[in-house]
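Asker: Please find data_6.cif (mmCIF, C-alpha atoms) on the next line:
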```
data_run
loop_
_atom_site.group_PDB
_atom_site.id
_atom_site.type_symbol
_atom_site.label_atom_id
_atom_site.label_comp_id
_atom_site.auth_asym_id
_atom_site.auth_seq_id
_atom_site.Cartn_x
_atom_site.Cartn_y
_atom_site.Cartn_z
ATOM 1 C CA MET S 1 69.627 -60.973 27.002
ATOM 2 C CA GLN S 2 70.637 -59.877 23.529
ATOM 3 C CA ARG S 3 69.434 -56.608 22.131
ATOM 4 C CA LYS S 4 67.923 -56.467 18.639
ATOM 5 C CA VAL S 5 69.861 -54.324 16.259
ATOM 6 C CA TYR S 6 68.044 -52.568 13.396
ATOM 7 C CA ALA S 7 69.791 -51.581 10.261
ATOM 8 C CA PRO S 8 69.782 -47.827 9.537
ATOM 9 C CA GLY S 9 67.687 -48.345 6.411
ATOM 10 C CA VAL S 10 65.000 -50.291 8.276
ATOM 11 C CA ALA S 11 64.768 -47.642 10.967
ATOM 12 C CA ALA S 12 64.338 -44.947 8.374
ATOM 13 C CA ALA S 13 61.525 -46.903 6.689
ATOM 14 C CA LEU S 14 59.713 -47.384 9.988
ATOM 15 C CA LEU S 15 59.997 -43.691 10.793
ATOM 16 C CA ALA S 16 58.610 -42.731 7.372
ATOM 17 C CA ALA S 17 55.641 -45.095 7.781
ATOM 18 C CA LEU S 18 54.897 -43.683 11.207
ATOM 19 C CA LEU S 19 54.941 -40.117 9.930
ATOM 20 C CA ALA S 20 52.694 -41.005 6.976
ATOM 21 C CA GLY S 21 50.110 -42.551 9.317
ATOM 22 C CA CYS S 22 50.033 -39.457 11.506
ATOM 23 C CA THR S 23 49.605 -37.186 8.523
ATOM 24 C CA GLY S 24 46.657 -39.186 7.154
ATOM 25 C CA GLY S 25 44.898 -39.256 10.526
ATOM 26 C CA SER S 26 45.200 -35.545 11.069
ATOM 27 C CA GLY S 27 42.957 -34.814 8.063
ATOM 28 C CA GLY S 28 40.096 -37.105 9.122
ATOM 29 C CA GLY S 29 38.188 -34.333 10.930
ATOM 30 C CA ASP S 30 37.953 -32.223 7.753
ATOM 31 C CA GLY S 31 36.685 -35.015 5.557
ATOM 32 C CA ALA S 32 33.007 -34.357 6.403
ATOM 33 C CA ASP S 33 33.257 -30.690 5.296
ATOM 34 C CA ASP S 34 32.174 -30.416 1.634
ATOM 35 C CA SER S 35 32.929 -26.712 1.427
ATOM 36 C CA LYS S 36 35.415 -25.532 -1.141
ATOM 37 C CA PRO S 37 37.701 -22.533 -1.038
ATOM 38 C CA GLY S 38 35.668 -19.484 -1.904
ATOM 39 C CA ASP S 39 32.274 -21.174 -1.288
ATOM 40 C CA THR S 40 31.467 -18.950 1.692
ATOM 41 C CA GLY S 41 31.411 -15.865 -0.512
ATOM 42 C CA SER S 42 29.614 -17.456 -3.473
ATOM 43 C CA ALA S 43 26.174 -17.726 -1.815
ATOM 44 C CA ALA S 44 23.980 -14.616 -2.281
ATOM 45 C CA ALA S 45 23.262 -12.671 0.878
ATOM 46 C CA PRO S 46 19.587 -12.810 1.985
ATOM 47 C CA ALA S 47 17.425 -9.849 0.956
ATOM 48 C CA GLU S 48 16.936 -7.026 3.440
ATOM 49 C CA PRO S 49 13.876 -7.260 5.726
ATOM 50 C CA GLY S 50 11.427 -4.357 5.761
ATOM 51 C CA LYS S 51 11.713 -1.430 8.124
ATOM 52 C CA TYR S 52 8.385 -2.184 9.819
ATOM 53 C CA ARG S 53 7.739 -5.423 11.731
ATOM 54 C CA THR S 54 4.379 -4.365 13.243
ATOM 55 C CA LEU S 55 1.476 -2.058 12.409
ATOM 56 C CA PRO S 56 -0.110 0.734 14.468
ATOM 57 C CA GLU S 57 -3.769 0.586 15.465
ATOM 58 C CA PRO S 58 -5.454 2.723 12.756
ATOM 59 C CA CYS S 59 -8.552 3.728 14.744
ATOM 60 C CA GLY S 60 -6.282 5.582 17.133
ATOM 61 C CA GLU S 61 -4.038 7.200 14.515
ATOM 62 C CA VAL S 62 -6.491 9.844 13.222
ATOM 63 C CA GLU S 63 -6.671 12.982 15.357
ATOM 64 C CA PRO S 64 -10.133 14.115 16.605
ATOM 65 C CA GLY S 65 -9.673 17.497 14.896
ATOM 66 C CA THR S 66 -9.035 15.754 11.577
ATOM 67 C CA LEU S 67 -12.171 13.662 12.039
ATOM 68 C CA ASP S 68 -14.169 16.837 12.772
ATOM 69 C CA ALA S 69 -12.983 18.369 9.484
ATOM 70 C CA MET S 70 -13.569 15.283 7.364
ATOM 71 C CA LEU S 71 -16.790 14.140 9.039
ATOM 72 C CA PRO S 72 -18.780 17.333 9.815
ATOM 73 C CA GLY S 73 -21.694 15.316 11.149
ATOM 74 C CA LEU S 74 -19.636 14.624 14.278
ATOM 75 C CA THR S 75 -19.928 18.193 15.520
ATOM 76 C CA GLU S 76 -23.675 18.132 14.917
ATOM 77 C CA MET S 77 -24.096 15.274 17.401
ATOM 78 C CA GLY S 78 -23.242 17.419 20.409
ATOM 79 C CA GLU S 79 -21.696 15.901 23.502
ATOM 80 C CA SER S 80 -23.150 12.426 23.697
ATOM 81 C CA GLU S 81 -22.264 8.767 23.989
ATOM 82 C CA GLN S 82 -23.143 8.339 20.326
ATOM 83 C CA ARG S 83 -20.572 10.971 19.366
ATOM 84 C CA GLU S 84 -17.849 9.281 21.434
ATOM 85 C CA LYS S 85 -18.558 5.990 19.733
ATOM 86 C CA ALA S 86 -18.483 7.661 16.309
ATOM 87 C CA TYR S 87 -14.999 9.046 17.020
ATOM 88 C CA GLU S 88 -13.739 5.550 17.859
ATOM 89 C CA GLY S 89 -14.462 4.184 14.403
ATOM 90 C CA THR S 90 -15.009 0.541 13.482
ATOM 91 C CA PRO S 91 -12.045 -1.801 12.894
ATOM 92 C CA THR S 92 -12.161 -3.624 9.587
ATOM 93 C CA VAL S 93 -12.258 -7.414 9.547
ATOM 94 C CA THR S 94 -8.772 -8.912 9.304
ATOM 95 C CA TYR S 95 -7.280 -12.331 9.912
ATOM 96 C CA ASP S 96 -3.710 -11.221 10.612
ATOM 97 C CA THR S 97 -3.258 -7.923 12.430
ATOM 98 C CA ASP S 98 0.509 -8.127 11.923
ATOM 99 C CA ARG S 99 -0.042 -7.920 8.178
ATOM 100 C CA ARG S 100 -3.143 -5.756 7.678
ATOM 101 C CA VAL S 101 -5.387 -3.518 9.763
ATOM 102 C CA GLY S 102 -7.973 -0.859 8.983
ATOM 103 C CA CYS S 103 -10.627 1.407 10.459
ATOM 104 C CA ARG S 104 -13.873 2.913 9.103
ATOM 105 C CA TRP S 105 -15.919 5.948 10.058
ATOM 106 C CA LYS S 106 -19.334 6.750 8.599
ATOM 107 C CA VAL S 107 -21.247 9.797 9.787
ATOM 108 C CA GLU S 108 -24.441 11.437 8.534
ATOM 109 C CA SER S 109 -24.788 15.224 8.597
ATOM 110 C CA SER S 110 -27.646 17.547 7.724
ATOM 111 C CA GLY S 111 -26.408 18.021 4.172
ATOM 112 C CA ALA S 112 -24.472 14.859 3.310
ATOM 113 C CA SER S 113 -23.048 11.577 4.491
ATOM 114 C CA HIS S 114 -19.300 11.038 4.788
ATOM 115 C CA HIS S 115 -17.291 7.866 4.896
ATOM 116 C CA LEU S 116 -13.592 7.507 5.763
ATOM 117 C CA LEU S 117 -11.420 4.402 5.537
ATOM 118 C CA VAL S 118 -7.802 4.110 6.696
ATOM 119 C CA ASP S 119 -5.975 0.880 5.799
ATOM 120 C CA PHE S 120 -2.423 -0.242 6.685
ATOM 121 C CA GLU S 121 -0.841 -3.188 4.854
ATOM 122 C CA ARG S 122 2.568 -4.545 5.816
ATOM 123 C CA VAL S 123 4.109 -6.417 2.898
ATOM 124 C CA VAL S 124 6.400 -9.387 3.546
ATOM 125 C CA SER S 125 8.414 -11.094 0.812
ATOM 126 C CA TYR S 126 8.666 -14.848 1.059
ATOM 127 C CA ASP S 127 11.369 -14.901 -1.597
ATOM 128 C CA GLY S 128 14.811 -14.780 -0.019
ATOM 129 C CA THR S 129 16.179 -12.941 -3.050
ATOM 130 C CA VAL S 130 13.544 -10.172 -2.964
ATOM 131 C CA SER S 131 13.462 -7.637 -0.131
ATOM 132 C CA ASP S 132 10.261 -6.656 1.653
ATOM 133 C CA ASP S 133 10.626 -3.124 0.246
ATOM 134 C CA ASP S 134 10.926 -4.381 -3.331
ATOM 135 C CA ARG S 135 7.908 -6.639 -2.901
ATOM 136 C CA ALA S 136 5.930 -3.701 -1.438
ATOM 137 C CA ALA S 137 6.944 -1.600 -4.456
ATOM 138 C CA GLU S 138 5.476 -4.306 -6.719
ATOM 139 C CA VAL S 139 2.196 -4.302 -4.763
ATOM 140 C CA TYR S 140 2.073 -0.508 -4.947
ATOM 141 C CA SER S 141 2.649 -0.572 -8.725
ATOM 142 C CA THR S 142 -0.279 -2.966 -9.092
ATOM 143 C CA LYS S 143 -2.540 -0.567 -7.174
ATOM 144 C CA LEU S 144 -1.326 2.288 -9.374
ATOM 145 C CA ARG S 145 -2.218 0.396 -12.544
ATOM 146 C CA GLU S 146 -5.595 -0.665 -11.123
ATOM 147 C CA ALA S 147 -6.367 3.027 -10.581
ATOM 148 C CA GLY S 148 -5.720 3.580 -14.301
ATOM 149 C CA LEU S 149 -2.698 5.802 -13.671
ATOM 150 C CA PRO S 150 0.590 5.518 -15.563
ATOM 151 C CA VAL S 151 3.714 4.330 -13.787
ATOM 152 C CA PRO S 152 6.003 7.363 -13.255
ATOM 153 C CA ALA S 153 8.903 7.604 -15.669
ATOM 154 C CA SER S 154 11.961 5.702 -14.423
ATOM 155 C CA SER S 155 14.879 3.741 -15.747
ATOM 156 C CA ASP S 156 12.864 0.541 -15.364
ATOM 157 C CA ALA S 157 9.893 1.998 -17.203
ATOM 158 C CA ASP S 158 12.153 3.180 -20.038
ATOM 159 C CA ASP S 159 13.406 -0.378 -20.509
ATOM 160 C CA GLU S 160 9.923 -1.810 -21.081
ATOM 161 C CA ASP S 161 9.343 -3.064 -24.615
ATOM 162 C CA GLU S 162 6.356 -2.204 -26.743
ATOM 163 C CA ASN S 163 4.708 -5.568 -26.094
ATOM 164 C CA ASP S 164 4.639 -4.945 -22.348
ATOM 165 C CA LYS S 165 3.105 -1.501 -22.898
ATOM 166 C CA ASP S 166 0.456 -2.896 -25.226
ATOM 167 C CA GLY S 167 -0.358 -5.570 -22.654
ATOM 168 C CA LYS S 168 -0.839 -2.978 -19.911
ATOM 169 C CA ASP S 169 -3.034 -0.853 -22.173
ATOM 170 C CA ALA S 170 -5.177 -3.882 -22.929
ATOM 171 C CA SER S 171 -5.441 -4.731 -19.234
ATOM 172 C CA LYS S 172 -6.473 -1.159 -18.481
ATOM 173 C CA GLU S 173 -9.180 -1.201 -21.158
ATOM 174 C CA GLU S 174 -10.452 -4.540 -19.897
ATOM 175 C CA LYS S 175 -10.591 -3.224 -16.320
ATOM 176 C CA GLU S 176 -12.432 -0.064 -17.377
ATOM 177 C CA GLY S 177 -14.945 -2.185 -19.243
ATOM 178 C CA LYS S 178 -15.531 -4.304 -16.142
ATOM 179 C CA GLU S 179 -15.947 -1.197 -13.983
ATOM 180 C CA GLU S 180 -18.512 0.223 -16.393
ATOM 181 C CA LYS S 181 -20.464 -3.027 -16.354
ATOM 182 C CA GLY S 182 -20.324 -3.128 -12.556
ATOM 183 C CA ASP S 183 -21.605 0.426 -12.277
ATOM 184 C CA LYS S 184 -24.467 -0.265 -14.654
ATOM 185 C CA ALA S 185 -25.353 -3.404 -12.728
ATOM 186 C CA GLN S 186 -25.677 -1.280 -9.608
ATOM 187 C CA GLY S 187 -27.727 1.304 -11.448
ATOM 188 C CA GLY S 188 -24.980 3.925 -11.504
ATOM 189 C CA THR S 189 -22.308 5.396 -13.748
ATOM 190 C CA LYS S 190 -18.794 6.554 -13.065
ATOM 191 C CA ASP S 191 -17.418 9.856 -14.318
ATOM 192 C CA ARG S 192 -13.682 10.319 -13.808
ATOM 193 C CA THR S 193 -12.209 12.441 -16.555
ATOM 194 C CA GLU S 194 -14.860 13.639 -18.990
ATOM 195 C CA PRO S 195 -15.003 17.460 -18.964
ATOM 196 C CA GLY S 196 -18.029 19.618 -19.599
ATOM 197 C CA ASP S 197 -20.525 17.762 -17.447
ATOM 198 C CA ASP S 198 -23.661 19.886 -17.597
ATOM 199 C CA ASP S 199 -26.197 17.396 -16.216
ATOM 200 C CA ALA S 200 -26.514 19.101 -12.860
ATOM 201 C CA THR S 201 -28.448 22.340 -12.846
ATOM 202 C CA SER S 202 -26.769 23.509 -9.637
ATOM 203 C CA THR S 203 -23.744 22.154 -7.849
ATOM 204 C CA THR S 204 -21.612 22.736 -4.796
ATOM 205 C CA GLY S 205 -18.502 22.007 -6.847
ATOM 206 C CA PRO S 206 -17.344 20.976 -10.332
ATOM 207 C CA ALA S 207 -18.385 17.530 -11.504
ATOM 208 C CA THR S 208 -14.834 16.733 -12.635
ATOM 209 C CA PRO S 209 -11.567 17.715 -10.962
ATOM 210 C CA PRO S 210 -10.152 21.031 -12.238
ATOM 211 C CA ALA S 211 -6.781 21.087 -13.993
ATOM 212 C CA GLY S 212 -4.069 20.145 -11.547
ATOM 213 C CA LEU S 213 -6.468 18.139 -9.374
ATOM 214 C CA GLU S 214 -6.985 15.202 -11.701
ATOM 215 C CA PRO S 215 -5.893 11.688 -10.607
ATOM 216 C CA ARG S 216 -2.087 11.770 -10.431
ATOM 217 C CA SER S 217 1.112 10.525 -8.840
ATOM 218 C CA LEU S 218 2.252 12.566 -5.854
ATOM 219 C CA GLU S 219 5.627 13.785 -4.700
ATOM 220 C CA ASP S 220 6.926 14.320 -1.158
ATOM 221 C CA LEU S 221 4.612 11.721 0.376
ATOM 222 C CA GLY S 222 6.283 8.531 1.574
ATOM 223 C CA ASP S 223 8.518 6.719 -0.899
ATOM 224 C CA GLU S 224 5.870 6.924 -3.645
ATOM 225 C CA ALA S 225 2.217 7.928 -3.723
ATOM 226 C CA PHE S 226 -0.798 8.639 -5.921
ATOM 227 C CA LEU S 227 -4.240 10.230 -5.661
ATOM 228 C CA ASP S 228 -7.418 9.095 -7.401
ATOM 229 C CA ASP S 229 -10.656 11.090 -7.686
ATOM 230 C CA ALA S 230 -13.836 9.426 -8.923
ATOM 231 C CA LEU S 231 -17.377 10.794 -9.187
ATOM 232 C CA THR S 232 -20.173 8.215 -9.204
ATOM 233 C CA THR S 233 -23.843 8.709 -10.000
ATOM 234 C CA ALA S 234 -25.998 6.298 -8.026
ATOM 235 C CA ALA S 235 -29.351 4.830 -9.017
ATOM 236 C CA SER S 236 -31.071 7.579 -7.036
ATOM 237 C CA ALA S 237 -29.299 10.128 -9.284
ATOM 238 C CA THR S 238 -27.341 11.480 -6.334
ATOM 239 C CA ARG S 239 -23.635 11.841 -6.866
ATOM 240 C CA HIS S 240 -20.890 10.899 -4.507
ATOM 241 C CA ARG S 241 -17.215 11.534 -4.867
ATOM 242 C CA THR S 242 -14.467 9.223 -3.611
ATOM 243 C CA VAL S 243 -10.954 10.567 -3.149
ATOM 244 C CA THR S 244 -8.333 7.869 -2.633
ATOM 245 C CA VAL S 245 -4.758 8.468 -1.519
ATOM 246 C CA VAL S 246 -2.284 5.576 -1.518
ATOM 247 C CA PHE S 247 1.310 5.861 -0.405
ATOM 248 C CA ARG S 248 4.151 3.477 0.390
ATOM 249 C CA THR S 249 6.690 3.928 3.138
ATOM 250 C CA SER S 250 9.269 1.136 3.107
ATOM 251 C CA ASN S 251 7.292 -2.142 3.311
ATOM 252 C CA VAL S 252 3.984 -0.598 4.465
ATOM 253 C CA ILE S 253 1.245 0.608 2.089
ATOM 254 C CA VAL S 254 -1.280 3.101 3.456
ATOM 255 C CA THR S 255 -4.661 3.608 1.766
ATOM 256 C CA ILE S 256 -7.091 6.420 2.565
ATOM 257 C CA GLU S 257 -10.565 6.461 1.030
ATOM 258 C CA TYR S 258 -12.679 9.555 1.640
ATOM 259 C CA ASP S 259 -16.233 9.567 0.325
ATOM 260 C CA GLU S 260 -18.943 12.214 0.356
ATOM 261 C CA GLN S 261 -22.545 11.815 -0.822
ATOM 262 C CA PRO S 262 -24.741 14.955 -0.708
ATOM 263 C CA GLY S 263 -28.361 14.725 0.300
ATOM 264 C CA ARG S 264 -29.563 16.628 -2.785
ATOM 265 C CA ARG S 265 -29.328 15.263 -6.307
ATOM 266 C CA THR S 266 -28.040 18.522 -7.754
ATOM 267 C CA ASP S 267 -25.125 18.834 -5.336
ATOM 268 C CA VAL S 268 -21.675 17.642 -6.348
ATOM 269 C CA PRO S 269 -18.908 17.287 -3.744
ATOM 270 C CA ASP S 270 -15.974 19.621 -4.328
ATOM 271 C CA SER S 271 -12.755 17.957 -5.495
ATOM 272 C CA LYS S 272 -10.310 20.463 -4.051
ATOM 273 C CA GLU S 273 -11.851 20.499 -0.602
ATOM 274 C CA MET S 274 -11.964 16.713 -0.377
ATOM 275 C CA GLN S 275 -8.482 16.256 -1.798
ATOM 276 C CA ASP S 276 -7.006 18.812 0.601
ATOM 277 C CA LYS S 277 -8.496 16.995 3.581
ATOM 278 C CA ALA S 278 -7.394 13.556 2.390
ATOM 279 C CA LEU S 279 -3.864 14.796 1.657
ATOM 280 C CA GLU S 280 -3.593 16.469 5.049
ATOM 281 C CA LEU S 281 -4.519 13.188 6.721
ATOM 282 C CA ALA S 282 -2.063 11.265 4.524
ATOM 283 C CA ASP S 283 0.742 13.676 5.381
ATOM 284 C CA GLY S 284 0.010 13.287 9.090
ATOM 285 C CA LEU S 285 0.038 9.492 8.893
ATOM 286 C CA ALA S 286 3.276 9.478 6.899
ATOM 287 C CA GLY S 287 4.869 11.631 9.597
ATOM 288 C CA LYS S 288 3.832 9.158 12.300
ATOM 289 C CA PHE S 289 5.453 6.264 10.408
ATOM 290 C CA ASP S 290 8.678 8.291 10.178
ATOM 291 C CA GLU S 291 8.824 8.914 13.940
#
```
Hey, can you dump this file as structure tokens for me?
Answerer:
Amino acid sequence: MQRKVYAPGVAAALLAALLAGCTGGSGGGDGADDSKPGDTGSAAAPAEPGKYRTLPEPCGEVEPGTLDAMLPGLTEMGESEQREKAYEGTPTVTYDTDRRVGCRWKVESSGASHHLLVDFERVVSYDGTVSDDDRAAEVYSTKLREAGLPVPASSDADDEDENDKDGKDASKEEKEGKEEKGDKAQGGTKDRTEPGDDDATSTTGPATPPAGLEPRSLEDLGDEAFLDDALTTAASATRHRTVTVVFRTSNVIVTIEYDEQPGRRTDVPDSKEMQDKALELADGLAGKFDE
């Protein structure tokens, strides 16, 4: 049998073709990958989730001693089943306890009726580029504006143009007009800042908050906080005061509403006393979130 003899040039060509085929096949597994060099670092990292993933049960977060101070009618009940039930409070209606929960207490005393509301709202951002904390800060700012209080000075506030400021002023005036109409519709009026209220012949406290106790932003309470103080005259001519404290800690917004309505028309609830009690409760709740 004769052996075939290949010329050196033919052998070299065959070897080159074989090597080319192997090289082309080796890249087939990477063909489905559309990524480009540097693509992995070009996509923006997802925004940070909030610190809090759940909410505490608000009816159990207020200490009995605090309830005694804020709702004096409790101690007048004596030891009874009714008193125990009053301490428990009433949960507010909510459709998602992971996002919002609240509790109410309302107690009558010999001289006045008191109402307390504690509300926890956990804010979640559904925008991957906005963190839960940033979204909660936006919600808090809306509540601040709705209370008629100015946004604290900051670098962001300094960058606002005049048109934005005029728009906020107009929104505030529109809101105040709606509130006034609502109060009149209910047969009452709202007095928040007008000094020199001499309608009442005798009072248990000033009709308007003294200097330093007016509605204001607060320091050293959560990440940011404010206090509102509103005196309302009802159709019966009795006056009740509502002190509201709102603070944000990370992606949770806590709201406390403390209301007192005296039994006598001439009595006016005292701002300082009510504010001190509401702030003490707020400070205690903030401490529990930090634990």
Asker: Skip S:Val107 itself and residues of its chain fewer than 5 positions away, then list as number ranges by chain all residues within 8 Å of it, counting all atoms listed in the file.
Answerer: S: 71-74, 86, 113-115
Asker: Near S:Pro91, counting only C-alpha atoms, which residues have an atom at most 10 Å away, once you skip same-chain residues fewer than 5 positions from it, shown as an MDAnalysis selection string?
Answerer: chainID S and resid 57:59 101:105 117:119
Asker: Since I can't run it myself right now, could you work out what the PyMOL selection byres ((chain S and resi 270) around 12) selects here and report it as number ranges by chain?
Answerer: S: 203-210, 213, 229-231, 239-243, 259-262, 267-269, 271-277
Asker: As a list in words, please: the residues near S:Glu76 (cut-off 10 Å, only C-alpha atoms, same-chain neighbours under 4 positions excluded).
Answerer: Asp68, Leu71, Pro72, Arg83, Glu108, Ser109 and Ser110 of chain S
Asker: Please report as a tab-separated table every residue of stretch 202-274 of chain S lying within 8 Å of stretch 149-152 of chain S, along with the nearest atom pair and their distance in Å (one decimal), using only C-alpha atoms.
Answerer:
```
residue	atom	partner	partner_atom	distance
S:Pro215	CA	S:Leu149	CA	7.4
S:Arg216	CA	S:Leu149	CA	6.8
S:Ser217	CA	S:Pro152	CA	7.3
```
Asker: Under the PyMOL selection byres ((chain S and resi 223) around 8), which residues of this model are included? Write them out as a list of chain:residue names.
Answerer: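 Output of the PyMOL selection byres ((chain S and resi 223) around 8): S:Asp220, S:Leu221, S:Gly222, S:Glu224, S:Ala225, S:Phe247, S:Arg248, S:Thr249, S:Ser250.
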Asker: Once the PyMOL selection byres ((chain S and resi 65) around 12) is applied to the coordinates I shared, what remains selected? I want it as a list in words.
Answerer: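 So the PyMOL selection byres ((chain S and resi 65) around 12), applied here, picks out Glu61, Val62, Glu63, Pro64, Thr66, Leu67, Asp68, Ala69, Met70, Leu71, Pro72, Leu74, Thr75, Tyr87, Lys277, Glu280 and Leu281 of chain S.
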Asker: For the selection you just gave me, I'd like the residues written to a file as a PDB file, in the frame of the given file, keeping C-alpha atoms.
Answerer:
```
ATOM      1  CA  GLU S  61      -4.038   7.200  14.515  1.00  0.00           C
ATOM      2  CA  VAL S  62      -6.491   9.844  13.222  1.00  0.00           C
ATOM      3  CA  GLU S  63      -6.671  12.982  15.357  1.00  0.00           C
ATOM      4  CA  PRO S  64     -10.133  14.115  16.605  1.00  0.00           C
ATOM      5  CA  THR S  66      -9.035  15.754  11.577  1.00  0.00           C
ATOM      6  CA  LEU S  67     -12.171  13.662  12.039  1.00  0.00           C
ATOM      7  CA  ASP S  68     -14.169  16.837  12.772  1.00  0.00           C
ATOM      8  CA  ALA S  69     -12.983  18.369   9.484  1.00  0.00           C
ATOM      9  CA  MET S  70     -13.569  15.283   7.364  1.00  0.00           C
ATOM     10  CA  LEU S  71     -16.790  14.140   9.039  1.00  0.00           C
ATOM     11  CA  PRO S  72     -18.780  17.333   9.815  1.00  0.00           C
ATOM     12  CA  LEU S  74     -19.636  14.624  14.278  1.00  0.00           C
ATOM     13  CA  THR S  75     -19.928  18.193  15.520  1.00  0.00           C
ATOM     14  CA  TYR S  87     -14.999   9.046  17.020  1.00  0.00           C
ATOM     15  CA  LYS S 277      -8.496  16.995   3.581  1.00  0.00           C
ATOM     16  CA  GLU S 280      -3.593  16.469   5.049  1.00  0.00           C
ATOM     17  CA  LEU S 281      -4.519  13.188   6.721  1.00  0.00           C
TER      18      LEU S 281
END
```
Asker: Between atom CA of S:Glu121 and atom CA of S:Leu55, measure the distance and give it in Å to one decimal.
Answerer: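 It comes out at 8.0 Å.
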Asker: Padding of 5 Å on every side, edges along x, y and z, all listed atoms of stretch 266-281 of chain S included: what centre and edge lengths in Å, to one decimal, does that box have, as JSON?
Answerer:
```
{"center_x": -15.8, "center_y": 16.8, "center_z": -0.5, "size_x": 34.4, "size_y": 17.3, "size_z": 24.5}
```
Asker: Quote the spacing between atom CA of S:Glu291 and atom CA of S:Lys85 in Å to one decimal place.
Answerer: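 Taking atom CA of S:Glu291 as the start and atom CA of S:Lys85 as the end point, the length is 28.1 Å.
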